[in-house]
file upload-v3.txt (compact mmCIF, C-alpha atoms and all ligand atoms)
# COMPACT_ATOMS: atom_id res chain seq x y z
CA MET A 268 30.23 52.71 14.28
CA ARG A 269 33.21 55.09 13.97
CA THR A 270 32.66 58.55 15.45
CA PRO A 271 33.64 61.13 12.83
CA ILE A 272 36.53 63.38 13.82
CA ILE A 273 37.13 66.86 12.43
CA ALA A 274 40.48 68.33 13.46
CA GLY A 275 41.90 71.78 12.82
CA ASN A 276 45.61 72.19 12.19
CA TRP A 277 46.41 75.85 12.81
CA LYS A 278 50.07 75.44 11.81
CA MET A 279 52.18 78.48 12.79
CA ASN A 280 49.23 80.83 13.24
CA LYS A 281 47.54 82.68 16.12
CA ILE A 282 48.88 84.21 19.29
CA VAL A 283 47.31 83.22 22.61
CA GLY A 284 44.62 85.93 22.68
CA GLU A 285 43.43 85.02 19.18
CA ALA A 286 43.43 81.33 20.05
CA LEU A 287 41.29 81.92 23.14
CA GLU A 288 38.77 84.01 21.24
CA LEU A 289 38.40 81.46 18.44
CA CYS A 290 38.05 78.48 20.76
CA ARG A 291 35.50 80.22 23.00
CA GLN A 292 33.30 80.89 19.99
CA LEU A 293 33.90 77.47 18.47
CA ASP A 294 33.11 75.59 21.68
CA GLU A 295 29.76 77.37 21.95
CA ALA A 296 28.89 76.92 18.28
CA VAL A 297 29.54 73.16 18.15
CA ALA A 298 28.34 72.27 21.66
CA ASN A 299 25.69 69.87 20.35
CA SER A 300 27.61 68.35 17.48
CA ASP A 301 27.81 64.56 17.15
CA VAL A 302 31.30 64.67 15.70
CA GLU A 303 34.51 64.80 17.70
CA VAL A 304 36.08 68.24 17.31
CA VAL A 305 39.81 68.80 17.85
CA VAL A 306 41.87 71.96 17.57
CA CYS A 307 45.66 71.78 17.19
CA PRO A 308 47.10 75.22 17.97
CA PRO A 309 50.78 76.14 18.28
CA PHE A 310 52.37 74.82 21.52
CA THR A 311 52.30 78.33 23.03
CA ALA A 312 48.49 78.42 23.18
CA LEU A 313 47.83 74.96 24.62
CA ALA A 314 48.09 75.76 28.33
CA SER A 315 45.83 78.82 28.08
CA LEU A 316 43.27 76.91 26.02
CA ASN A 317 43.35 74.08 28.53
CA ALA A 318 42.61 76.57 31.32
CA LEU A 319 39.47 77.72 29.45
CA GLY A 320 37.77 74.42 30.36
CA LEU A 321 36.36 73.84 26.87
CA LYS A 322 33.33 71.55 26.98
CA LYS A 323 33.24 70.10 23.49
CA VAL A 324 36.44 71.04 21.72
CA LYS A 325 39.43 68.80 22.42
CA LEU A 326 43.05 69.87 22.15
CA GLY A 327 45.86 68.47 20.08
CA ALA A 328 49.44 69.42 19.27
CA GLN A 329 51.09 69.62 15.87
CA ASN A 330 54.28 67.71 16.68
CA MET A 331 56.37 66.29 19.54
CA TYR A 332 59.70 64.57 20.10
CA PHE A 333 59.98 60.92 21.11
CA GLU A 334 62.40 61.30 24.02
CA GLU A 335 61.05 61.70 27.55
CA GLN A 336 63.25 64.65 28.57
CA GLY A 337 66.80 65.96 28.35
CA ALA A 338 69.15 67.87 26.09
CA PHE A 339 66.91 68.30 23.03
CA THR A 340 66.84 72.05 22.57
CA GLY A 341 63.63 73.31 21.05
CA GLU A 342 61.71 70.08 21.40
CA ILE A 343 58.54 69.18 23.34
CA SER A 344 57.82 65.77 24.89
CA ALA A 345 54.62 63.73 24.93
CA SER A 346 54.22 64.13 28.69
CA MET A 347 54.58 67.92 28.36
CA LEU A 348 51.67 67.87 25.91
CA VAL A 349 49.54 65.73 28.20
CA ASP A 350 50.37 68.13 31.03
CA VAL A 351 48.76 71.03 29.12
CA GLY A 352 45.64 69.12 28.15
CA ALA A 353 46.46 67.72 24.73
CA GLU A 354 44.64 64.49 23.82
CA TYR A 355 45.88 64.27 20.24
CA VAL A 356 49.12 64.97 18.41
CA ILE A 357 49.57 65.34 14.66
CA LEU A 358 52.58 63.29 13.53
CA GLY A 359 54.24 63.01 10.15
CA HIS A 360 52.50 66.02 8.61
CA SER A 361 53.85 66.58 5.10
CA GLU A 362 55.32 69.93 6.17
CA ARG A 363 57.32 68.09 8.85
CA ARG A 364 58.36 65.46 6.31
CA GLU A 365 59.29 67.95 3.58
CA ILE A 366 60.60 71.06 5.38
CA PHE A 367 62.07 69.38 8.47
CA LYS A 368 63.12 66.18 6.69
CA GLU A 369 61.30 63.82 9.06
CA GLU A 370 61.47 60.23 7.92
CA ASP A 371 59.26 57.22 8.56
CA GLU A 372 61.57 55.77 11.23
CA LEU A 373 61.45 58.98 13.28
CA ILE A 374 57.68 59.25 12.85
CA ASN A 375 57.35 55.65 14.07
CA LYS A 376 59.30 56.49 17.24
CA LYS A 377 57.00 59.44 17.85
CA VAL A 378 53.87 57.34 17.29
CA LEU A 379 55.09 54.74 19.82
CA LYS A 380 55.95 57.39 22.40
CA ALA A 381 52.66 59.22 21.95
CA LEU A 382 50.66 56.03 22.51
CA GLU A 383 52.74 55.16 25.57
CA ALA A 384 51.89 58.59 27.01
CA ASN A 385 48.16 58.19 26.22
CA LEU A 386 48.22 60.73 23.42
CA LYS A 387 46.32 59.79 20.28
CA PRO A 388 48.45 60.23 17.17
CA VAL A 389 46.93 61.73 14.04
CA LEU A 390 49.30 60.08 11.60
CA CYS A 391 49.53 61.92 8.27
CA VAL A 392 50.31 60.09 5.05
CA GLY A 393 50.08 61.23 1.45
CA GLU A 394 51.69 61.36 -1.95
CA THR A 395 53.35 64.18 -3.88
CA LEU A 396 51.97 65.30 -7.24
CA GLU A 397 54.81 63.52 -8.98
CA GLN A 398 54.07 60.25 -7.17
CA ARG A 399 50.42 60.59 -8.13
CA LYS A 400 51.33 61.15 -11.76
CA THR A 401 53.51 58.05 -11.83
CA GLY A 402 50.69 55.97 -10.32
CA ASP A 403 52.48 55.43 -7.01
CA THR A 404 49.87 56.87 -4.64
CA GLU A 405 48.78 53.58 -3.09
CA LYS A 406 52.33 52.29 -2.78
CA VAL A 407 53.42 55.48 -0.99
CA VAL A 408 50.58 55.62 1.53
CA VAL A 409 50.76 51.89 2.26
CA GLU A 410 54.50 52.16 2.90
CA GLN A 411 54.17 55.27 5.08
CA THR A 412 51.37 53.66 7.09
CA THR A 413 53.21 50.36 7.54
CA LYS A 414 56.47 52.00 8.61
CA ALA A 415 54.79 54.39 11.04
CA LEU A 416 52.98 51.55 12.80
CA VAL A 417 55.93 49.22 13.42
CA ASP A 418 55.58 47.78 16.96
CA VAL A 419 52.20 49.43 17.59
CA LYS A 420 50.24 46.83 19.54
CA SER A 421 46.80 45.58 18.59
CA ASP A 422 45.20 47.09 21.66
CA GLU A 423 46.67 50.51 20.81
CA LEU A 424 45.62 50.66 17.17
CA ALA A 425 42.13 52.06 17.73
CA ASN A 426 43.74 55.11 19.35
CA VAL A 427 45.53 55.97 16.13
CA VAL A 428 43.79 58.30 13.69
CA ILE A 429 45.18 58.34 10.16
CA ALA A 430 44.90 61.41 7.94
CA TYR A 431 45.26 60.82 4.22
CA GLU A 432 46.54 64.11 2.87
CA PRO A 433 47.62 64.25 -0.77
CA ILE A 434 50.44 66.79 -0.58
CA TRP A 435 49.40 68.55 -3.79
CA ALA A 436 46.02 69.32 -2.18
CA ILE A 437 47.36 70.94 1.00
CA GLY A 438 46.87 74.68 1.08
CA THR A 439 46.48 74.82 -2.69
CA GLY A 440 42.71 75.01 -3.08
CA GLU A 441 42.89 71.81 -5.11
CA THR A 442 41.13 68.79 -3.67
CA SER A 443 41.10 65.15 -4.41
CA ASP A 444 37.90 63.80 -5.90
CA GLY A 445 35.81 62.29 -3.06
CA GLN A 446 35.68 58.86 -4.67
CA ASP A 447 39.40 58.93 -5.38
CA ALA A 448 40.20 59.83 -1.78
CA ASN A 449 37.88 57.04 -0.62
CA GLU A 450 39.76 54.51 -2.74
CA VAL A 451 43.12 55.52 -1.28
CA ILE A 452 41.64 55.45 2.22
CA SER A 453 40.20 51.98 1.56
CA SER A 454 43.68 50.82 0.61
CA ILE A 455 44.98 52.17 3.93
CA ARG A 456 42.24 50.22 5.73
CA ARG A 457 43.12 47.07 3.80
CA THR A 458 46.72 47.57 4.91
CA LEU A 459 45.59 47.77 8.54
CA ALA A 460 43.57 44.58 8.07
CA LYS A 461 46.68 42.83 6.75
CA LEU A 462 48.91 44.14 9.53
CA TYR A 463 46.34 43.43 12.28
CA ASN A 464 42.90 42.08 11.36
CA GLN A 465 39.69 43.33 9.76
CA GLU A 466 37.91 43.97 13.04
CA LEU A 467 40.68 46.25 14.30
CA ALA A 468 41.04 47.92 10.90
CA ASP A 469 37.35 48.78 10.97
CA GLN A 470 37.80 50.63 14.26
CA VAL A 471 40.45 53.04 13.00
CA ARG A 472 39.27 56.45 11.91
CA ILE A 473 40.79 57.67 8.67
CA GLN A 474 40.42 61.32 7.70
CA TYR A 475 40.85 63.14 4.43
CA GLY A 476 42.86 66.37 4.42
CA GLY A 477 43.68 68.87 1.72
CA SER A 478 41.83 72.15 1.08
CA VAL A 479 38.68 71.00 2.89
CA LYS A 480 36.09 73.81 3.01
CA PRO A 481 32.42 74.08 4.04
CA ASP A 482 31.36 73.68 0.42
CA ASN A 483 33.30 70.47 -0.31
CA ILE A 484 33.23 68.61 3.03
CA ALA A 485 30.02 66.68 2.20
CA GLU A 486 31.67 65.13 -0.85
CA PHE A 487 34.21 63.50 1.45
CA MET A 488 31.97 62.66 4.40
CA ASN A 489 29.51 60.89 2.09
CA GLN A 490 32.15 58.28 1.28
CA SER A 491 32.04 54.89 3.00
CA ASP A 492 35.59 54.86 4.35
CA ILE A 493 36.19 58.53 5.21
CA ASP A 494 35.66 59.29 8.89
CA GLY A 495 36.45 62.96 9.09
CA ALA A 496 38.81 65.68 7.98
CA LEU A 497 42.07 67.30 8.93
CA VAL A 498 41.59 70.96 8.11
CA GLY A 499 44.31 73.58 7.77
CA GLY A 500 43.40 77.01 6.39
CA ALA A 501 39.65 76.77 6.96
CA SER A 502 40.12 75.93 10.65
CA LEU A 503 41.55 79.42 11.30
CA ASN A 504 38.15 80.98 10.89
CA VAL A 505 35.24 80.07 13.20
CA LYS A 506 32.56 80.41 10.54
CA ASP A 507 34.33 78.15 8.04
CA PHE A 508 35.36 75.57 10.64
CA VAL A 509 31.83 75.41 12.07
CA GLY A 510 30.52 75.07 8.51
CA ILE A 511 32.74 72.04 8.05
CA ILE A 512 31.79 70.49 11.39
CA GLU A 513 28.11 70.90 10.55
CA TYR A 514 28.42 69.25 7.14
C1 LIG A 601 46.77 70.53 6.58
O1 LIG A 601 47.58 71.36 6.91
O2 LIG A 601 46.80 69.41 7.11
C2 LIG A 601 45.79 70.86 5.56
C3 LIG A 601 45.01 69.92 5.11
O3 LIG A 601 45.75 72.17 5.12
P1 LIG A 601 44.64 72.85 4.16
O4 LIG A 601 43.30 72.45 4.70
O5 LIG A 601 44.89 74.32 4.28
O6 LIG A 601 44.87 72.33 2.79
call {"tool": "encode", "arguments": {"input": "upload-v3.txt", "output": "structure tokens"}}
result
Amino acid sequence: MRTPIIAGNWKMNKIVGEALELCRQLDEAVANSDVEVVVCPPFTALASLNALGLKKVKLGAQNMYFEEQGAFTGEISASMLVDVGAEYVILGHSERREIFKEEDELINKKVLKALEANLKPVLCVGETLEQRKTGDTEKVVVEQTTKALVDVKSDELANVVIAYEPIWAIGTGETSDGQDANEVISSIRRTLAKLYNQELADQVRIQYGGSVKPDNIAEFMNQSDIDGALVGGASLNVKDFVGIIEY
């Protein structure tokens, strides 16, 4: 019922030429895949990638600001992203939360603006190692999800993708156990059912993210509630990313 979605978060990697080369190869390699494939390059590569006319691979951004335009030096608006072909935007990534001190209220404003501009947010939630150790994982992800979705309307919810990314698993080579990740993701879906209703909750795609590689993707995709992956490091290499998409 839910189309799986595999998205690559390139973070601050790849100049335009490298981005073009990777996406050309990727688009050809996954042309017949049943899963939705999204690449989120740095802002600087979006316009050139859009001009390539990719057939299968969709484009996303890694962040945006919630204001329409104006004196916000260094920021990029939702409509600027739409203008260069982005369909998705990652919001609330743990690196934004931790390094750039983004809080739930700001992330909520970005989610609302993205939806208004017809961009699909990939909303990231996840616990730190300390929060996991103190048994607070579910509480943290439920709170992050609830706060990010304030004022999101019922008819917009299906356009939101949620990525459950335990922070201790990002870029570390450590992964959550598939069953464990599924339980956390089920609790996110239960939260959506409470905030909206079960039918809407069942339409939302929820990804796992955190050191996903070709050799561990199946463990996650075999779970009942996991609808895809948000992939960092392994999305920088065509062979690995294709390996994940072809799980
Ligand atoms: C990420 O950046 O969202 C991520 C999951 O990174 P990695 O796959 O490298 O752990």
call {"tool": "atom_distance", "arguments": {"input": "upload-v3.txt", "atom1": "CA of Ser454 in chain A", "atom2": "CA of Phe367 in chain A"}}
result
27.3 Å
call {"tool": "atom_distance", "arguments": {"input": "upload-v3.txt", "atom1": "CA of Asn276 in chain A", "atom2": "CA of Leu459 in chain A"}}
result
24.7 Å
call {"tool": "residues_near_ligand", "arguments": {"input": "upload-v3.txt", "ligand": "ligand LIG 601 (chain A)", "cutoff": "10 Å", "atoms": "only C-alpha atoms and all ligand atoms", "output": "NGL selection string"}}
result
:A and (274-278 or 329 or 357 or 360-362 or 391 or 430-442 or 475-480 or 496-503)
call {"tool": "residues_around", "arguments": {"input": "upload-v3.txt", "residues": "Leu386 in chain A", "least_positions_apart": "3", "cutoff": "8 Å", "atoms": "all atoms listed in the file", "output": "list in words"}}
result
Ala345, Val349, Ala353, Glu354, Tyr355, Val356, Ala381, Leu382 and Glu383 of chain A
call {"tool": "closest_residue", "arguments": {"input": "upload-v3.txt", "among": "A:Gly393, A:Glu450, A:Ile455, A:Arg269", "to": "Asn426 in chain A", "atoms": "all atoms listed in the file"}}
result
A:Arg269
call {"tool": "atom_distance", "arguments": {"input": "upload-v3.txt", "atom1": "CA of Tyr332 in chain A", "atom2": "CA of Asn464 in chain A"}}
result
29.4 Å
call {"tool": "residues_around", "arguments": {"input": "upload-v3.txt", "residues": "Ser344 in chain A", "least_positions_apart": "5", "cutoff": "8 Å", "atoms": "all atoms listed in the file", "output": "VMD selection string"}}
result
chain A and resid 331 to 336
call {"tool": "residues_around", "arguments": {"input": "upload-v3.txt", "residues": "Lys414 in chain A", "least_positions_apart": "3", "cutoff": "9 Å", "atoms": "all atoms listed in the file", "output": "list in words"}}
result
Asp371, Glu372, Ile374, Asn375, Val409, Glu410, Gln411 and Val417 of chain A
call {"tool": "residues_around", "arguments": {"input": "upload-v3.txt", "residues": "Arg456 in chain A", "least_positions_apart": "6", "cutoff": "12 Å", "atoms": "only C-alpha atoms", "output": "list in words"}}
result
Glu405, Val408, Val409, Thr412, Thr413, Leu424, Val428, Ile429, Ala430, Tyr431, Asn449, Glu450, Leu462, Tyr463, Asn464, Gln465, Glu466, Leu467, Ala468, Asp469, Gln470, Val471, Arg472, Ile473, Gln474, Ser491, Asp492, Ile493 and Asp494 of chain A
call {"tool": "closest_residue", "arguments": {"input": "upload-v3.txt", "among": "A:Arg457, A:Lys400, A:Lys387, A:Arg291", "to": "Val427 in chain A", "atoms": "only C-alpha atoms"}}
result
A:Lys387
call {"tool": "residues_around", "arguments": {"input": "upload-v3.txt", "residues": "Val302 in chain A", "least_positions_apart": "5", "cutoff": "12 Å", "atoms": "all atoms listed in the file", "output": "list in words"}}
result
Arg269, Thr270, Pro271, Ile272, Ile273, Ala274, Val297, Lys323, Val324, Lys325, Met488, Asp494, Gly495, Ala496, Val509, Ile511, Ile512, Glu513 and Tyr514 of chain A
call {"tool": "closest_residue", "arguments": {"input": "upload-v3.txt", "among": "A:Val392, A:Ala314, A:Leu321, A:Asp444", "to": "Ala298 in chain A", "atoms": "only C-alpha atoms"}}
result
A:Leu321
call {"tool": "residues_near_point", "arguments": {"input": "upload-v3.txt", "point": "(45.9, 78.5, 33.4)", "cutoff": "12 Å", "atoms": "all atoms listed in the file", "output": "number ranges by chain"}}
result
A: 283, 287, 312-320, 350-352
call {"tool": "closest_residue", "arguments": {"input": "upload-v3.txt", "among": "A:Lys377, A:Leu348, A:Phe339, A:Ala296", "to": "Val389 in chain A", "atoms": "all atoms listed in the file"}}
result
A:Lys377
call {"tool": "residues_near_point", "arguments": {"input": "upload-v3.txt", "point": "(36.5, 79.5, 14.1)", "cutoff": "8 Å", "atoms": "only C-alpha atoms", "output": "ChimeraX atom specification"}}
result
/A:289-290,292-293,502-509
call {"tool": "closest_residue", "arguments": {"input": "upload-v3.txt", "among": "A:Gln490, A:Asn483, A:Thr401, A:Ser346", "to": "Ala384 in chain A", "atoms": "all atoms listed in the file"}}
result
A:Ser346
call {"tool": "decode", "arguments": {"input": "upload-v3.txt", "residues": "range 377-389 of chain A", "atoms": "all heavy atoms", "output": "PDB file, in the first residue's frame"}}
result
ATOM      1  N   LYS A 377       9.127  25.196   9.543  1.00  0.00           N
ATOM      2  CA  LYS A 377       9.664  24.767   8.243  1.00  0.00           C
ATOM      3  C   LYS A 377       8.754  23.717   7.598  1.00  0.00           C
ATOM      4  O   LYS A 377       8.514  23.754   6.395  1.00  0.00           O
ATOM      5  CB  LYS A 377      11.074  24.196   8.429  1.00  0.00           C
ATOM      6  CG  LYS A 377      12.102  25.237   8.869  1.00  0.00           C
ATOM      7  CD  LYS A 377      13.487  24.607   8.935  1.00  0.00           C
ATOM      8  CE  LYS A 377      14.534  25.653   9.344  1.00  0.00           C
ATOM      9  NZ  LYS A 377      15.907  25.170   9.124  1.00  0.00           N
ATOM     10  N   VAL A 378       8.255  22.786   8.414  1.00  0.00           N
ATOM     11  CA  VAL A 378       7.358  21.750   7.883  1.00  0.00           C
ATOM     12  C   VAL A 378       6.118  22.405   7.260  1.00  0.00           C
ATOM     13  O   VAL A 378       5.706  22.077   6.149  1.00  0.00           O
ATOM     14  CB  VAL A 378       6.939  20.760   9.014  1.00  0.00           C
ATOM     15  CG1 VAL A 378       5.788  19.866   8.574  1.00  0.00           C
ATOM     16  CG2 VAL A 378       8.134  19.908   9.443  1.00  0.00           C
ATOM     17  N   LEU A 379       5.535  23.368   7.993  1.00  0.00           N
ATOM     18  CA  LEU A 379       4.318  24.039   7.502  1.00  0.00           C
ATOM     19  C   LEU A 379       4.589  24.780   6.200  1.00  0.00           C
ATOM     20  O   LEU A 379       3.805  24.729   5.248  1.00  0.00           O
ATOM     21  CB  LEU A 379       3.783  25.003   8.573  1.00  0.00           C
ATOM     22  CG  LEU A 379       3.253  24.329   9.851  1.00  0.00           C
ATOM     23  CD1 LEU A 379       2.927  25.369  10.916  1.00  0.00           C
ATOM     24  CD2 LEU A 379       2.021  23.481   9.550  1.00  0.00           C
ATOM     25  N   LYS A 380       5.731  25.456   6.143  1.00  0.00           N
ATOM     26  CA  LYS A 380       6.057  26.232   4.938  1.00  0.00           C
ATOM     27  C   LYS A 380       6.326  25.310   3.752  1.00  0.00           C
ATOM     28  O   LYS A 380       5.898  25.570   2.623  1.00  0.00           O
ATOM     29  CB  LYS A 380       7.281  27.123   5.209  1.00  0.00           C
ATOM     30  CG  LYS A 380       7.570  28.100   4.103  1.00  0.00           C
ATOM     31  CD  LYS A 380       6.434  29.103   3.985  1.00  0.00           C
ATOM     32  CE  LYS A 380       6.545  29.908   2.711  1.00  0.00           C
ATOM     33  NZ  LYS A 380       5.474  30.913   2.619  1.00  0.00           N
ATOM     34  N   ALA A 381       7.041  24.220   4.012  1.00  0.00           N
ATOM     35  CA  ALA A 381       7.335  23.274   2.938  1.00  0.00           C
ATOM     36  C   ALA A 381       6.033  22.747   2.329  1.00  0.00           C
ATOM     37  O   ALA A 381       5.855  22.750   1.106  1.00  0.00           O
ATOM     38  CB  ALA A 381       8.177  22.116   3.476  1.00  0.00           C
ATOM     39  N   LEU A 382       5.114  22.327   3.179  1.00  0.00           N
ATOM     40  CA  LEU A 382       3.844  21.775   2.694  1.00  0.00           C
ATOM     41  C   LEU A 382       3.064  22.812   1.899  1.00  0.00           C
ATOM     42  O   LEU A 382       2.487  22.513   0.849  1.00  0.00           O
ATOM     43  CB  LEU A 382       3.013  21.252   3.869  1.00  0.00           C
ATOM     44  CG  LEU A 382       3.565  19.979   4.522  1.00  0.00           C
ATOM     45  CD1 LEU A 382       2.888  19.715   5.859  1.00  0.00           C
ATOM     46  CD2 LEU A 382       3.400  18.770   3.587  1.00  0.00           C
ATOM     47  N   GLU A 383       3.076  24.049   2.398  1.00  0.00           N
ATOM     48  CA  GLU A 383       2.374  25.132   1.693  1.00  0.00           C
ATOM     49  C   GLU A 383       2.945  25.322   0.283  1.00  0.00           C
ATOM     50  O   GLU A 383       2.236  25.622  -0.656  1.00  0.00           O
ATOM     51  CB  GLU A 383       2.532  26.418   2.517  1.00  0.00           C
ATOM     52  CG  GLU A 383       1.743  27.606   2.018  1.00  0.00           C
ATOM     53  CD  GLU A 383       2.209  28.899   2.695  1.00  0.00           C
ATOM     54  OE1 GLU A 383       2.383  28.911   3.937  1.00  0.00           O
ATOM     55  OE2 GLU A 383       2.422  29.883   1.967  1.00  0.00           O
ATOM     56  N   ALA A 384       4.253  25.104   0.155  1.00  0.00           N
ATOM     57  CA  ALA A 384       4.922  25.302  -1.143  1.00  0.00           C
ATOM     58  C   ALA A 384       4.925  24.034  -1.998  1.00  0.00           C
ATOM     59  O   ALA A 384       5.590  23.978  -3.036  1.00  0.00           O
ATOM     60  CB  ALA A 384       6.355  25.763  -0.890  1.00  0.00           C
ATOM     61  N   ASN A 385       4.213  22.992  -1.548  1.00  0.00           N
ATOM     62  CA  ASN A 385       4.175  21.714  -2.268  1.00  0.00           C
ATOM     63  C   ASN A 385       5.475  20.938  -2.253  1.00  0.00           C
ATOM     64  O   ASN A 385       5.761  20.182  -3.181  1.00  0.00           O
ATOM     65  CB  ASN A 385       3.720  21.904  -3.717  1.00  0.00           C
ATOM     66  CG  ASN A 385       2.230  21.928  -3.811  1.00  0.00           C
ATOM     67  OD1 ASN A 385       1.553  21.267  -3.018  1.00  0.00           O
ATOM     68  ND2 ASN A 385       1.712  22.703  -4.750  1.00  0.00           N
ATOM     69  N   LEU A 386       6.268  21.169  -1.219  1.00  0.00           N
ATOM     70  CA  LEU A 386       7.477  20.357  -1.016  1.00  0.00           C
ATOM     71  C   LEU A 386       7.127  19.309   0.040  1.00  0.00           C
ATOM     72  O   LEU A 386       6.447  19.617   1.013  1.00  0.00           O
ATOM     73  CB  LEU A 386       8.588  21.211  -0.414  1.00  0.00           C
ATOM     74  CG  LEU A 386       9.539  21.961  -1.317  1.00  0.00           C
ATOM     75  CD1 LEU A 386      10.459  22.814  -0.443  1.00  0.00           C
ATOM     76  CD2 LEU A 386      10.360  21.022  -2.178  1.00  0.00           C
ATOM     77  N   LYS A 387       7.622  18.097  -0.162  1.00  0.00           N
ATOM     78  CA  LYS A 387       7.324  17.046   0.822  1.00  0.00           C
ATOM     79  C   LYS A 387       8.439  16.997   1.863  1.00  0.00           C
ATOM     80  O   LYS A 387       9.592  16.720   1.525  1.00  0.00           O
ATOM     81  CB  LYS A 387       7.202  15.704   0.122  1.00  0.00           C
ATOM     82  CG  LYS A 387       6.054  15.664  -0.872  1.00  0.00           C
ATOM     83  CD  LYS A 387       6.000  14.335  -1.601  1.00  0.00           C
ATOM     84  CE  LYS A 387       4.939  14.384  -2.667  1.00  0.00           C
ATOM     85  NZ  LYS A 387       5.407  13.946  -3.974  1.00  0.00           N
ATOM     86  N   PRO A 388       8.105  17.252   3.119  1.00  0.00           N
ATOM     87  CA  PRO A 388       9.144  17.203   4.151  1.00  0.00           C
ATOM     88  C   PRO A 388       9.540  15.762   4.484  1.00  0.00           C
ATOM     89  O   PRO A 388       8.679  14.887   4.559  1.00  0.00           O
ATOM     90  CB  PRO A 388       8.475  17.837   5.382  1.00  0.00           C
ATOM     91  CG  PRO A 388       7.133  18.304   4.947  1.00  0.00           C
ATOM     92  CD  PRO A 388       6.793  17.639   3.661  1.00  0.00           C
ATOM     93  N   VAL A 389      10.828  15.549   4.658  1.00  0.00           N
ATOM     94  CA  VAL A 389      11.321  14.305   5.253  1.00  0.00           C
ATOM     95  C   VAL A 389      11.736  14.703   6.662  1.00  0.00           C
ATOM     96  O   VAL A 389      12.806  15.264   6.877  1.00  0.00           O
ATOM     97  CB  VAL A 389      12.520  13.722   4.470  1.00  0.00           C
ATOM     98  CG1 VAL A 389      13.044  12.460   5.162  1.00  0.00           C
ATOM     99  CG2 VAL A 389      12.134  13.436   3.021  1.00  0.00           C
TER     100      VAL A 389
END
